[in-house]
>>> print(open('work-v2.csv').read())   # CSV, C-alpha atoms
chain,number,residue,atom,x,y,z
U,430,MET,CA,-44.6,23.8,-3.3
U,431,SER,CA,-46.6,22.0,-5.8
U,432,ILE,CA,-48.3,18.7,-5.1
U,433,GLY,CA,-46.1,16.9,-7.5
U,434,LEU,CA,-43.0,18.0,-5.7
U,435,ILE,CA,-44.4,16.9,-2.3
U,436,ILE,CA,-45.3,13.5,-3.7
U,437,LEU,CA,-41.9,13.1,-5.2
U,438,ILE,CA,-40.1,13.9,-1.9
U,439,ALA,CA,-42.4,11.5,-0.1
U,440,VAL,CA,-41.7,8.7,-2.6
U,441,ILE,CA,-37.9,9.3,-2.3
U,442,ALA,CA,-38.2,9.3,1.5
U,443,VAL,CA,-40.1,6.0,1.5
U,444,ILE,CA,-37.5,4.5,-0.9
U,445,LEU,CA,-34.7,5.6,1.3
U,446,LEU,CA,-36.3,4.2,4.5
U,447,PHE,CA,-36.9,1.0,2.7
U,448,MET,CA,-33.2,0.9,1.7
U,449,LEU,CA,-32.2,1.5,5.3
U,450,PHE,CA,-34.4,-1.3,6.7
U,451,ILE,CA,-33.3,-3.8,4.0
U,452,TYR,CA,-29.6,-2.9,4.5
U,453,ASN,CA,-29.7,-3.3,8.2
U,454,SER,CA,-31.5,-6.6,8.1
U,455,VAL,CA,-29.2,-8.0,5.4
U,456,ILE,CA,-26.2,-6.9,7.4
U,457,ARG,CA,-27.5,-8.7,10.5
U,458,LEU,CA,-28.1,-11.8,8.5
U,459,ASN,CA,-24.7,-11.6,6.9
U,460,ASN,CA,-23.1,-11.5,10.4
U,461,GLN,CA,-25.3,-14.4,11.5
U,462,VAL,CA,-24.1,-16.4,8.5
U,463,LYS,CA,-20.4,-15.7,9.4
U,464,ASN,CA,-21.1,-16.6,13.0
U,465,ALA,CA,-22.8,-19.9,12.0
U,466,TRP,CA,-19.8,-20.8,9.9
U,467,ALA,CA,-17.4,-20.1,12.7
U,468,GLN,CA,-19.5,-22.2,15.1
U,469,ILE,CA,-18.9,-25.3,12.8
U,470,ASP,CA,-15.1,-24.7,13.3
U,471,VAL,CA,-15.6,-24.6,17.1
U,472,GLN,CA,-17.1,-28.1,17.1
U,473,LEU,CA,-14.4,-29.4,14.7
U,474,LYS,CA,-11.7,-28.0,17.0
U,475,ARG,CA,-13.4,-29.7,19.9
U,476,ARG,CA,-13.3,-33.0,18.1
U,477,ALA,CA,-9.6,-32.5,17.2
U,478,ASP,CA,-8.9,-31.8,20.9
U,479,LEU,CA,-10.5,-35.1,22.0
U,480,ILE,CA,-8.2,-37.2,19.7
U,481,PRO,CA,-5.0,-37.3,21.8
U,482,ASN,CA,-6.8,-38.5,24.9
U,483,LEU,CA,-8.6,-41.1,22.8
U,484,VAL,CA,-5.4,-42.4,21.1
U,485,GLU,CA,-3.7,-42.8,24.5
U,486,THR,CA,-6.7,-44.8,25.9
U,487,VAL,CA,-6.9,-47.1,22.9
U,488,LYS,CA,-3.1,-47.6,22.9
U,489,GLY,CA,-3.3,-48.9,26.4
U,490,TYR,CA,-5.2,-51.9,25.2
U,491,ALA,CA,-4.4,-52.3,21.5
U,492,LYS,CA,-0.7,-51.5,21.2
U,493,HIS,CA,-0.3,-53.4,18.0
U,494,GLU,CA,-2.8,-51.4,15.9
U,495,LYS,CA,-0.1,-48.9,15.0
U,496,GLY,CA,-1.7,-48.2,11.6
U,497,VAL,CA,-4.9,-46.5,12.9
U,498,PHE,CA,-3.0,-44.4,15.5
U,499,THR,CA,-0.7,-42.9,13.0
U,500,GLU,CA,-3.5,-42.2,10.6
U,501,VAL,CA,-5.6,-40.4,13.3
U,502,THR,CA,-2.7,-38.4,14.6
U,503,LYS,CA,-1.8,-37.4,11.1
U,504,ALA,CA,-5.3,-36.2,10.4
U,505,ARG,CA,-5.3,-34.2,13.6
U,506,THR,CA,-2.0,-32.5,12.8
U,507,ALA,CA,-3.2,-31.7,9.3
U,508,TYR,CA,-6.3,-30.1,10.8
U,509,MET,CA,-4.4,-28.0,13.4
U,510,ASN,CA,-2.0,-26.8,10.6
U,511,ALA,CA,-4.7,-26.1,8.0
U,512,THR,CA,-5.2,-22.4,7.2
U,513,THR,CA,-7.6,-22.1,4.3
U,514,VAL,CA,-11.2,-23.3,4.3
U,515,GLY,CA,-10.5,-25.9,1.7
U,516,GLN,CA,-7.6,-27.4,3.7
U,517,LYS,CA,-9.7,-27.4,6.9
U,518,ALA,CA,-12.5,-29.2,5.2
U,519,LYS,CA,-10.2,-31.8,3.8
U,520,ALA,CA,-8.5,-32.4,7.1
U,521,ALA,CA,-11.9,-32.6,8.9
U,522,ASN,CA,-13.0,-35.3,6.5
U,523,MET,CA,-9.8,-37.2,7.0
U,524,MET,CA,-10.4,-37.0,10.8
U,525,THR,CA,-13.9,-38.4,10.3
U,526,ASP,CA,-12.7,-41.3,8.3
U,527,THR,CA,-9.7,-42.2,10.5
U,528,LEU,CA,-11.9,-42.0,13.6
U,529,LYS,CA,-14.4,-44.4,12.1
U,530,SER,CA,-11.5,-46.9,11.5
U,531,LEU,CA,-10.3,-46.4,15.0
U,532,PHE,CA,-13.6,-47.2,16.5
U,533,ALA,CA,-14.1,-50.2,14.2
U,534,VAL,CA,-10.8,-51.6,15.3
U,535,SER,CA,-11.7,-51.1,19.0
U,536,GLU,CA,-14.6,-53.5,18.4
U,537,ASN,CA,-12.0,-56.3,18.6
U,538,TYR,CA,-11.0,-55.5,22.1
U,539,PRO,CA,-13.8,-56.1,24.6
U,540,GLN,CA,-11.7,-55.0,27.6
U,541,LEU,CA,-11.2,-51.6,25.8
U,542,LYS,CA,-14.9,-51.3,25.1
U,543,ALA,CA,-15.6,-51.8,28.8
U,544,ASN,CA,-13.1,-49.3,30.0
U,545,GLU,CA,-14.8,-46.3,31.7
U,546,ASN,CA,-12.5,-43.7,30.1
U,547,PHE,CA,-13.0,-45.1,26.7
U,548,MET,CA,-16.8,-45.1,27.1
U,549,GLN,CA,-16.7,-41.5,28.3
U,550,LEU,CA,-14.6,-40.5,25.3
U,551,GLN,CA,-16.9,-42.4,22.9
U,552,GLU,CA,-19.9,-40.5,24.4
U,553,GLU,CA,-18.0,-37.1,24.1
U,554,LEU,CA,-17.0,-37.9,20.5
U,555,THR,CA,-20.5,-38.9,19.5
U,556,GLY,CA,-21.9,-35.8,21.1
U,557,THR,CA,-19.4,-33.6,19.3
U,558,GLU,CA,-20.0,-35.4,15.9
U,559,ASN,CA,-23.7,-34.7,16.4
U,560,LYS,CA,-23.0,-31.0,17.2
U,561,ILE,CA,-20.9,-30.7,14.1
U,562,SER,CA,-23.9,-32.0,12.1
U,563,TYR,CA,-26.3,-29.6,13.9
U,564,SER,CA,-24.1,-26.6,13.4
U,565,ARG,CA,-23.8,-27.4,9.7
U,566,GLN,CA,-27.6,-27.8,9.6
U,567,PHE,CA,-28.0,-24.4,11.3
U,568,TYR,CA,-25.5,-22.9,8.9
U,569,ASN,CA,-27.5,-24.1,5.9
U,570,ASP,CA,-30.8,-22.8,7.4
U,571,ILE,CA,-29.3,-19.4,8.0
U,572,VAL,CA,-27.8,-19.3,4.5
U,573,MET,CA,-31.3,-20.0,3.1
U,574,THR,CA,-32.8,-17.2,5.1
U,575,PHE,CA,-30.0,-14.9,3.9
U,576,ASN,CA,-30.5,-15.9,0.2
U,577,ASN,CA,-34.2,-15.5,0.5
U,578,LYS,CA,-33.8,-12.0,2.0
U,579,ILE,CA,-31.5,-10.8,-0.8
U,580,GLN,CA,-33.4,-12.4,-3.6
U,581,VAL,CA,-37.0,-11.4,-2.9
U,582,PHE,CA,-38.4,-8.3,-4.6
U,583,PRO,CA,-37.7,-5.4,-3.8
U,584,ASN,CA,-34.7,-6.4,-1.8
U,585,ASN,CA,-32.9,-7.9,-4.8
U,586,VAL,CA,-32.8,-4.5,-6.4
U,587,PHE,CA,-30.8,-3.0,-3.5
U,588,ALA,CA,-28.8,-6.1,-2.6
U,589,LYS,CA,-26.9,-5.8,-5.8
U,590,MET,CA,-26.2,-2.2,-5.1
U,591,PHE,CA,-24.8,-3.0,-1.7
U,592,GLY,CA,-22.7,-5.8,-3.0
U,593,PHE,CA,-24.4,-8.8,-1.4
U,594,GLY,CA,-24.3,-12.0,-3.3
U,595,GLU,CA,-25.9,-15.4,-2.9
U,596,LYS,CA,-24.1,-17.6,-0.3
U,597,GLN,CA,-23.2,-21.2,-0.8
U,598,SER,CA,-24.8,-23.7,1.6
U,599,PHE,CA,-22.7,-26.5,3.1
U,600,GLU,CA,-22.8,-29.5,0.8
U,601,VAL,CA,-21.7,-33.0,1.5
U,602,ALA,CA,-18.9,-34.1,-0.8
U,603,GLU,CA,-19.8,-36.9,-3.2
U,604,THR,CA,-17.1,-39.2,-1.6
U,605,ASP,CA,-18.7,-38.7,1.8
U,606,LYS,CA,-22.0,-40.2,0.6
U,607,LYS,CA,-20.5,-43.5,-0.2
U,608,PRO,CA,-20.4,-46.1,2.6
U,609,VAL,CA,-17.0,-46.2,4.4
U,610,LYS,CA,-14.8,-49.2,3.9
U,611,VAL,CA,-13.3,-50.4,7.2
U,612,LYS,CA,-10.0,-52.3,7.0
U,613,PHE,CA,-8.9,-54.6,9.8
U,614,GLU,CA,-5.1,-55.0,9.8
I,677,MET,CA,-41.6,-26.2,5.5
I,678,GLU,CA,-40.1,-22.8,5.0
I,679,ARG,CA,-38.0,-21.4,7.8
I,680,LEU,CA,-39.5,-17.9,7.2
I,681,ASN,CA,-42.9,-19.2,8.2
I,682,PHE,CA,-41.5,-20.3,11.6
I,683,PHE,CA,-40.3,-16.8,12.4
I,684,GLU,CA,-43.7,-15.4,11.5
I,685,GLU,CA,-45.3,-18.0,13.8
I,686,ILE,CA,-43.1,-16.8,16.6
I,687,ARG,CA,-44.0,-13.2,15.9
I,688,TRP,CA,-47.7,-14.1,15.9
I,689,ASN,CA,-47.3,-16.0,19.2
I,690,LYS,CA,-45.8,-12.9,20.8
I,691,ILE,CA,-48.6,-10.7,19.4
I,692,LYS,CA,-51.2,-13.2,20.6
I,693,SER,CA,-49.6,-13.1,24.0
I,694,TRP,CA,-50.0,-9.4,24.2
I,695,PHE,CA,-53.5,-9.6,22.9
I,696,LEU,CA,-54.3,-12.2,25.6
I,697,PHE,CA,-52.8,-10.0,28.2
I,698,LEU,CA,-55.1,-7.2,27.1
I,699,VAL,CA,-58.2,-9.4,27.1
I,700,PHE,CA,-57.0,-10.7,30.5
I,701,PHE,CA,-57.0,-7.3,32.1
I,702,ILE,CA,-60.3,-6.3,30.5
I,703,LEU,CA,-62.0,-9.5,31.7
I,704,VAL,CA,-60.5,-9.4,35.2
I,705,GLY,CA,-61.4,-5.7,35.5
I,706,PHE,CA,-65.0,-6.5,34.4
I,707,LEU,CA,-65.3,-9.3,36.9
I,708,GLY,CA,-63.8,-7.1,39.6
I,709,ALA,CA,-66.3,-4.3,38.8
I,710,VAL,CA,-69.2,-6.8,39.0
I,711,ALA,CA,-68.0,-8.1,42.3
I,712,GLY,CA,-67.6,-4.4,43.4
I,713,LEU,CA,-71.1,-3.7,42.4
I,714,VAL,CA,-72.3,-6.5,44.7
I,715,TRP,CA,-70.1,-5.3,47.5
I,716,GLY,CA,-71.3,-1.7,47.1
I,717,SER,CA,-68.3,-0.1,45.5
I,718,ILE,CA,-67.4,-0.7,41.9
I,719,TYR,CA,-64.0,0.9,42.2
I,720,PHE,CA,-63.1,-1.3,45.2
I,721,GLY,CA,-63.8,-4.4,43.2
I,722,LEU,CA,-62.1,-3.1,40.1
I,723,GLY,CA,-59.1,-2.0,42.0
I,724,LEU,CA,-58.8,-5.3,43.9
I,725,ALA,CA,-59.1,-7.3,40.8
I,726,LEU,CA,-56.5,-5.3,38.8
I,727,VAL,CA,-54.0,-5.3,41.7
I,728,PHE,CA,-54.3,-9.0,42.1
I,729,GLY,CA,-54.1,-9.5,38.4
I,730,LEU,CA,-51.0,-7.4,38.1
I,731,ILE,CA,-49.2,-9.0,41.1
I,732,TYR,CA,-50.2,-12.5,39.9
I,733,SER,CA,-49.0,-11.9,36.4
I,734,LEU,CA,-45.7,-10.4,37.5
I,735,ILE,CA,-45.0,-13.3,39.8
I,736,ALA,CA,-46.0,-15.8,37.1
I,737,TYR,CA,-43.9,-14.1,34.5
I,738,TYR,CA,-40.7,-13.9,36.4
I,739,SER,CA,-40.8,-16.9,38.7
I,740,GLY,CA,-43.4,-19.1,37.0
I,741,GLY,CA,-40.8,-21.3,35.5
I,742,ASN,CA,-38.9,-21.8,38.8
I,743,MET,CA,-42.2,-22.5,40.7
I,744,ILE,CA,-43.1,-25.2,38.3
I,745,LEU,CA,-39.7,-26.8,38.6
I,746,SER,CA,-39.7,-26.9,42.4
I,747,MET,CA,-43.3,-28.1,42.5
I,748,SER,CA,-42.5,-31.0,40.3
I,749,GLY,CA,-39.5,-32.0,42.3
I,750,ALA,CA,-37.0,-31.4,39.5
I,751,ARG,CA,-33.3,-31.1,40.4
I,752,PRO,CA,-30.7,-29.3,38.3
I,753,VAL,CA,-28.0,-31.6,36.9
I,754,THR,CA,-24.5,-31.1,35.8
I,755,LYS,CA,-22.9,-32.2,32.6
I,756,LYS,CA,-20.7,-34.8,34.5
I,757,GLU,CA,-23.8,-36.5,35.9
I,758,TYR,CA,-25.7,-36.8,32.6
I,759,PRO,CA,-23.4,-36.2,29.6
I,760,PHE,CA,-25.8,-38.0,27.3
I,761,LEU,CA,-28.7,-35.6,28.1
I,762,TYR,CA,-26.5,-32.5,28.0
I,763,HIS,CA,-25.0,-33.4,24.6
I,764,THR,CA,-28.4,-33.9,23.2
I,765,VAL,CA,-29.8,-30.7,24.5
I,766,GLU,CA,-26.7,-28.6,23.5
I,767,GLY,CA,-26.7,-30.2,20.0
I,768,ILE,CA,-30.3,-29.4,19.3
I,769,ALA,CA,-30.0,-25.9,20.7
I,770,ILE,CA,-27.3,-25.3,18.1
I,771,ALA,CA,-29.6,-26.5,15.3
I,772,ALA,CA,-32.4,-24.4,16.7
I,773,GLY,CA,-30.2,-21.3,17.0
I,774,ILE,CA,-31.1,-20.6,20.6
I,775,PRO,CA,-28.9,-20.7,23.8
I,776,ALA,CA,-28.9,-24.1,25.4
I,777,PRO,CA,-31.6,-24.4,28.1
I,778,LYS,CA,-30.7,-25.7,31.5
I,779,CYS,CA,-31.3,-29.4,32.2
I,780,TYR,CA,-33.3,-30.7,35.1
I,781,VAL,CA,-34.1,-34.3,36.1
I,782,ILE,CA,-37.0,-35.8,38.0
I,783,ASP,CA,-36.5,-39.1,39.8
I,784,ASP,CA,-39.5,-41.0,38.5
I,785,THR,CA,-39.9,-44.2,36.5
I,786,ALA,CA,-42.7,-42.6,34.5
I,787,LEU,CA,-41.7,-41.4,31.1
I,788,ASN,CA,-42.2,-37.6,31.0
I,789,ALA,CA,-40.6,-34.4,29.9
I,790,PHE,CA,-41.5,-30.8,29.8
I,791,ALA,CA,-40.1,-27.3,29.1
I,792,THR,CA,-40.4,-24.1,31.2
I,793,GLY,CA,-39.2,-20.6,30.7
I,794,ARG,CA,-40.7,-17.3,29.4
I,795,ASP,CA,-38.1,-16.9,26.7
I,796,PRO,CA,-35.2,-18.9,25.2
I,797,GLN,CA,-32.7,-17.0,27.4
I,798,ASN,CA,-34.4,-18.3,30.6
I,799,ALA,CA,-35.5,-21.7,29.7
I,800,ALA,CA,-35.1,-25.2,31.2
I,801,ILE,CA,-35.9,-28.7,30.0
I,802,THR,CA,-36.9,-31.4,32.5
I,803,VAL,CA,-36.8,-35.1,31.9
I,804,THR,CA,-37.6,-38.0,34.2
I,805,THR,CA,-35.0,-40.7,35.0
I,806,GLY,CA,-37.5,-43.2,33.6
I,807,LEU,CA,-37.3,-41.5,30.2
I,808,LEU,CA,-33.5,-41.4,30.2
I,809,ALA,CA,-33.4,-45.1,31.0
I,810,LYS,CA,-35.8,-46.2,28.4
I,811,LEU,CA,-35.0,-44.1,25.3
I,812,ASP,CA,-32.0,-44.4,23.0
I,813,ARG,CA,-30.2,-41.4,21.5
I,814,GLN,CA,-32.5,-40.8,18.5
I,815,GLU,CA,-35.6,-41.1,20.6
I,816,LEU,CA,-34.3,-38.7,23.2
I,817,GLU,CA,-33.4,-36.3,20.5
I,818,GLY,CA,-37.0,-36.4,19.3
I,819,VAL,CA,-38.3,-35.6,22.8
I,820,VAL,CA,-35.8,-32.8,23.4
I,821,ALA,CA,-36.4,-31.3,20.0
I,822,HIS,CA,-40.1,-31.2,20.7
I,823,GLU,CA,-39.5,-29.4,24.0
I,824,MET,CA,-37.0,-27.0,22.4
I,825,SER,CA,-39.6,-26.0,19.8
I,826,HIS,CA,-42.0,-25.1,22.5
I,827,ILE,CA,-39.3,-22.8,24.0
I,828,LYS,CA,-38.4,-21.3,20.7
I,829,ASN,CA,-42.1,-20.8,19.8
I,830,PHE,CA,-42.8,-18.9,23.0
I,831,ASP,CA,-45.6,-21.4,23.7
I,832,ILE,CA,-44.7,-21.4,27.4
I,833,ARG,CA,-45.2,-17.7,27.9
I,834,LEU,CA,-48.7,-18.0,26.3
I,835,MET,CA,-49.6,-21.0,28.4
I,836,MET,CA,-48.5,-19.3,31.7
I,837,LEU,CA,-50.5,-16.2,30.9
I,838,ALA,CA,-53.6,-18.4,30.3
I,839,ALA,CA,-53.0,-20.2,33.6
I,840,VAL,CA,-52.7,-16.9,35.4
I,841,LEU,CA,-56.0,-15.7,33.8
I,842,VAL,CA,-57.8,-18.8,35.0
I,843,GLY,CA,-56.2,-18.3,38.5
I,844,VAL,CA,-57.3,-14.7,38.9
I,845,VAL,CA,-60.8,-15.4,37.7
I,846,THR,CA,-61.0,-18.3,40.2
I,847,LEU,CA,-59.6,-16.1,43.0
I,848,ILE,CA,-62.1,-13.3,42.5
I,849,SER,CA,-65.0,-15.7,42.2
I,850,ASP,CA,-63.9,-17.3,45.4
I,851,PHE,CA,-63.8,-13.9,47.1
I,852,LEU,CA,-67.3,-13.2,45.9
I,853,LEU,CA,-68.6,-16.5,47.1
I,854,ARG,CA,-67.1,-16.2,50.5
I,855,SER,CA,-68.4,-12.7,50.8
I,856,PHE,CA,-71.9,-14.1,50.3
I,857,LEU,CA,-71.3,-16.6,53.1
I,858,CYS,CA,-70.1,-13.9,55.4
I,859,GLU,CA,-73.1,-11.8,54.5
I,860,GLU,CA,-75.4,-14.7,55.3
I,861,LYS,CA,-73.6,-15.4,58.6
I,862,ALA,CA,-73.9,-11.7,59.5
I,863,THR,CA,-77.5,-11.7,58.5
I,864,ILE,CA,-78.3,-14.8,60.6
I,865,GLN,CA,-76.4,-13.4,63.5
I,866,THR,CA,-78.4,-10.2,63.3
I,867,ILE,CA,-81.7,-12.1,63.2
I,868,GLU,CA,-80.7,-14.3,66.2
I,869,GLU,CA,-79.7,-11.2,68.2
I,870,GLU,CA,-82.9,-9.5,67.3
I,871,ALA,CA,-84.8,-12.6,68.3
I,872,GLU,CA,-83.0,-12.7,71.7
I,873,GLU,CA,-84.0,-9.1,72.4
>>> encode(input="work-v2.csv", output="structure tokens")
Amino acid sequence: MSIGLIILIAVIAVILLFMLFIYNSVIRLNNQVKNAWAQIDVQLKRRADLIPNLVETVKGYAKHEKGVFTEVTKARTAYMNATTVGQKAKAANMMTDTLKSLFAVSENYPQLKANENFMQLQEELTGTENKISYSRQFYNDIVMTFNNKIQVFPNNVFAKMFGFGEKQSFEVAETDKKPVKVKFE
Amino acid sequence: MERLNFFEEIRWNKIKSWFLFLVFFILVGFLGAVAGLVWGSIYFGLGLALVFGLIYSLIAYYSGGNMILSMSGARPVTKKEYPFLYHTVEGIAIAAGIPAPKCYVIDDTALNAFATGRDPQNAAITVTTGLLAKLDRQELEGVVAHEMSHIKNFDIRLMMLAAVLVGVVTLISDFLLRSFLCEEKATIQTIEEEAEE
């Protein structure tokens, strides 16, 4: 065998090894991104599950605030029935807004605020809301890691071959950035 | 701050830990050999030092965290007792991408918190009741996030290794010192016996 042939084989072997390592790490990151996205849903579902209990507790003290109850329950039903990502996102946002109104209304009822059950639920909801934020934060971080991995050289050459595209990070809708208007009925 | 650099830092911490481990054994071995030289058999000293070093490191590696927890008087707590603490720890663990560490509490008015555990899978965060009483949610998040970063960065493993190194060196030095005293005692006794004869 000539030297030229040996070098050629060695170069091809190195390139193939490279492709293997890159492919495996991109696959792993891809799965991590999918997992991170699913984790956000876990927290959103948890929040949706807390709502019926919350509505019952508040109803016990604020029977007349029918408006807020129907809104919150509607939002929850919309979330449970949502199938596509877009529907889920919209329903989740509706839940956030209606919950804010519910808690604002509860400010008028000092007995409700002092209720043990209500305070526990408030703590649970705050904890869950924070976890939703944290899981979105983690999702964005892992998306950035993924995008970096497939866009640096020489990975970008192979990434296109394997069909990996840039992923979209979780962005806050413009409407969410505006301060929420609270209505007291 | 790029996330990639953080991963590299963790890799470096792990490499440094192994390096420290190697230096540890070399140093301990050397000290043991010197002690052995004084005692009359290099291999005895070397063997003793290495055996002690190995046992000490294994115990510290596997039970170090638990030992620190029981020494400090920390008690494990459930989610029902301290939902506030648990939610904070779980939330930040989600953001950090590690499994949630176990929560421990120390009954003390002093404001203190620390993390233990050789890796994120076997980690625990301890806070004092004083801290929980004084800090609000955001402040507690800051403290917990700090401790969580120690866990994720493998700082604890590095620290425990360093503590064990200090411990074994102290132990061997102590042996050496005491052996001198014994020699002295033996020498004095021999002199007294000879004087009596």
>>> residues_around(input="work-v2.csv", residues="range 689-694 of chain I", least_positions_apart="6", cutoff="8 Å", atoms="all atoms listed in the file", output="VMD selection string")
chain I and resid 829 to 831 833 to 834 837
>>> residues_near_point(input="work-v2.csv", point="(-12.5, -45.9, 19.4)", cutoff="8 Å", atoms="all atoms listed in the file", output="list in words")
Leu483, Val487, Leu528, Lys529, Leu531, Phe532, Ala533, Val534, Ser535, Glu536, Phe547 and Gln551 of chain U
>>> residues_around(input="work-v2.csv", residues="range 849-852 of chain I", least_positions_apart="3", cutoff="9 Å", atoms="all atoms listed in the file", output="ChimeraX atom specification")
/I:707,711,714-715,844-846,855-857
>>> interface_residues(input="work-v2.csv", of="chain I", to="chain U", cutoff="9 Å", atoms="all atoms listed in the file", output="list in words")
Arg679, Leu680, Pro759, Phe760, Tyr762, His763, Thr764, Glu766, Gly767, Ile768, Ala769, Ile770, Ala771, Ala772 and Gly773 of chain I
>>> residues_near_point(input="work-v2.csv", point="(-27.2, -7.4, 5.6)", cutoff="12 Å", atoms="all atoms listed in the file", output="VMD selection string")
chain U and resid 448 to 463 572 574 to 579 584 to 585 587 to 595
>>> residues_around(input="work-v2.csv", residues="Val820 in chain I", least_positions_apart="6", cutoff="10 Å", atoms="all atoms listed in the file", output="list in words")
Leu761, Thr764, Val765, Ile768, Ala769, Ala789, Phe790, Ala791, Ile801, Thr802, Val803, Gln814 and His826 of chain I
>>> atom_distance(input="work-v2.csv", atom1="CA of Lys474 in chain U", atom2="CA of Lys492 in chain U")
26.3 Å
>>> decode(input="work-v2.csv", residues="range 452-479 of chain U", atoms="C-alpha atoms", output="PDB file, in the first residue's frame")
ATOM      1  CA  TYR U 452     -24.222  12.424  16.010  1.00  0.00           C
ATOM      2  CA  ASN U 453     -24.412  10.781  19.434  1.00  0.00           C
ATOM      3  CA  SER U 454     -24.044  13.983  21.394  1.00  0.00           C
ATOM      4  CA  VAL U 455     -26.568  15.797  19.205  1.00  0.00           C
ATOM      5  CA  ILE U 456     -29.027  12.922  19.671  1.00  0.00           C
ATOM      6  CA  ARG U 457     -28.566  13.134  23.441  1.00  0.00           C
ATOM      7  CA  LEU U 458     -29.115  16.882  23.442  1.00  0.00           C
ATOM      8  CA  ASN U 459     -32.134  16.523  21.191  1.00  0.00           C
ATOM      9  CA  ASN U 460     -33.691  14.134  23.693  1.00  0.00           C
ATOM     10  CA  GLN U 461     -32.821  16.456  26.552  1.00  0.00           C
ATOM     11  CA  VAL U 462     -34.625  19.275  24.756  1.00  0.00           C
ATOM     12  CA  LYS U 463     -37.722  17.109  24.260  1.00  0.00           C
ATOM     13  CA  ASN U 464     -37.584  16.085  27.906  1.00  0.00           C
ATOM     14  CA  ALA U 465     -37.237  19.692  29.054  1.00  0.00           C
ATOM     15  CA  TRP U 466     -40.280  20.680  26.995  1.00  0.00           C
ATOM     16  CA  ALA U 467     -42.316  17.864  28.526  1.00  0.00           C
ATOM     17  CA  GLN U 468     -41.302  18.944  32.037  1.00  0.00           C
ATOM     18  CA  ILE U 469     -42.934  22.327  31.469  1.00  0.00           C
ATOM     19  CA  ASP U 470     -46.170  20.489  30.740  1.00  0.00           C
ATOM     20  CA  VAL U 471     -45.822  18.527  33.990  1.00  0.00           C
ATOM     21  CA  GLN U 472     -45.793  21.763  35.984  1.00  0.00           C
ATOM     22  CA  LEU U 473     -48.669  23.276  34.001  1.00  0.00           C
ATOM     23  CA  LYS U 474     -50.756  20.166  34.624  1.00  0.00           C
ATOM     24  CA  ARG U 475     -49.935  20.370  38.334  1.00  0.00           C
ATOM     25  CA  ARG U 476     -51.229  23.922  38.384  1.00  0.00           C
ATOM     26  CA  ALA U 477     -54.383  22.916  36.551  1.00  0.00           C
ATOM     27  CA  ASP U 478     -54.930  20.162  39.135  1.00  0.00           C
ATOM     28  CA  LEU U 479     -54.752  22.642  42.015  1.00  0.00           C
TER      29      LEU U 479
END
